[in-house]
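K.L.:
This structure is in structure tokens; I'll ask about it shortly.
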Amino acid sequence: MPIDSEAPLRQTPPLPAALEQAQALAAELNLPYAGGVQPPVAWTLVQAGQAQLVDVRTAEERKFVGHVEGSVHVPWATGTSLTRNPRFVRELEAKVGGKDATVLLLCRSGKRSAQAAEAAAKAGFRHVFNVLEGFEGELDARQQRGHADGWRFHGLPWVQD
């Protein structure tokens, strides 16, 4: 089929510098998705309208632990048994407006969101990033979260039902 030279070329806006850096590091590390950003960087990008924040935790986690107001919810897994959501990629695409969207995925500690980012990248998302540290952060020596890292540790906005 011939290409219509009169048709406008679809331009993708350039990525913000922080995401360009994350993407370069991801390439060096051979990550299977676009890269990772720290929670404060993620919040800055969301506030500037340069990325969409997608919470991939379960509905129960969002309700009982809290969530970022205005974030999109697409669970990577569901229920207390964390059963993998077979519709994740389709739901993500529908809720963020397509595979060209710039998306930041957030989970509890950054592990599930990395898995979700990999699945999204394999499905054709070009700008899907993991929010490192997650919402609650890693477990500390006392087996508690939120004392050393994570969205809440950084004092970023969140709400609880």
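All residue names refer to the structure tokens as shown: chains lettered A, B, ... in order, residues numbered from 1 in each chain, ligands numbered from 1 in order.
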Got a sec to tell me which of chain A DSSP assigns to helix (DSSP H, G or I), as a VMD selection string?
P.N.:
chain A and resid 17 to 29 39 to 47 59 to 65 88 to 96 111 to 122
K.L.:
Write out as a tab-separated table the residues of segment 65-127 of chain A that have any atom within 9 Å of an atom of segment 30-39 of chain A, one row each with the nearest atom pair and its distance in Å to one decimal, counting only C-alpha atoms, sorted by chain and then rising number.
P.N.:
```
residue	atom	partner	partner_atom	distance
A:Leu104	CA	A:Val37	CA	8.3
A:Leu106	CA	A:Pro39	CA	9.0
A:Ala114	CA	A:Tyr33	CA	8.0
A:Ala117	CA	A:Tyr33	CA	5.9
A:Glu118	CA	A:Tyr33	CA	5.1
A:Ala119	CA	A:Tyr33	CA	8.4
A:Ala120	CA	A:Tyr33	CA	7.9
A:Ala121	CA	A:Tyr33	CA	5.4
A:Lys122	CA	A:Pro32	CA	7.9
A:Phe125	CA	A:Tyr33	CA	8.6
A:Arg126	CA	A:Ala34	CA	6.9
A:His127	CA	A:Ala34	CA	5.8
```
K.L.:
What is the distance between atom CA of Gly110 of chain A and atom CA of Val56 of chain A, in Å to one decimal?
P.N.:
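Going from atom CA of Gly110 of chain A over to atom CA of Val56 of chain A, I get 10.0 Å.
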K.L.:
Counting only C-alpha atoms, which residues in segment 88-146 of chain A sit no more than 12 Å from segment 64-76 of chain A? For each one, give the nearest pair of atoms and the distance in Å, sorted by chain then residue number, as a tab-separated table.
P.N.:
```
residue	atom	partner	partner_atom	distance
A:Phe88	CA	A:Trp76	CA	6.0
A:Val89	CA	A:Val74	CA	8.9
A:Arg90	CA	A:Val74	CA	9.8
A:Glu91	CA	A:Val74	CA	6.6
A:Leu92	CA	A:Val74	CA	6.2
A:Glu93	CA	A:Val74	CA	9.8
A:Ala94	CA	A:Val74	CA	10.0
A:Lys95	CA	A:Val72	CA	7.3
A:Val96	CA	A:Val72	CA	8.0
A:Gly97	CA	A:Val72	CA	11.5
A:Val103	CA	A:Val72	CA	10.1
A:Leu104	CA	A:Ser71	CA	9.9
A:Leu105	CA	A:Val74	CA	9.4
A:Leu106	CA	A:Ser71	CA	9.4
A:Cys107	CA	A:Trp76	CA	8.9
A:Arg108	CA	A:Val65	CA	9.5
A:Lys111	CA	A:Trp76	CA	11.1
A:Arg112	CA	A:Trp76	CA	7.3
A:Ser113	CA	A:Trp76	CA	7.7
A:Ala114	CA	A:Trp76	CA	10.4
A:Gln115	CA	A:Trp76	CA	8.6
A:Ala116	CA	A:Trp76	CA	6.3
A:Ala117	CA	A:Trp76	CA	9.8
A:Glu118	CA	A:Trp76	CA	11.5
A:Ala119	CA	A:Trp76	CA	9.8
A:Ala120	CA	A:Trp76	CA	10.6
A:Gly134	CA	A:His67	CA	11.0
A:Phe135	CA	A:His67	CA	7.9
A:Glu136	CA	A:Val65	CA	8.6
A:Arg145	CA	A:Val65	CA	11.3
A:Gly146	CA	A:Val65	CA	11.3
```
K.L.:
Taking 2 positions as the minimum chain separation for residues in the same chain, which residues sit within 8 Å of Ala77 of chain A when counting only C-alpha atoms? Answer as a list in words.
P.N.:
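Neighbouring residues, sequence-local ones excluded: Val56, Arg57, Thr58, Pro75, Gly79, Leu82, Thr83, Arg84 and Asn85 of chain A.
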K.L.:
Work out how far atom CA of Arg87 of chain A is from atom CA of Leu45 of chain A, in Å to one decimal.
P.N.:
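That distance, rounded to one decimal, is 26.7 Å.
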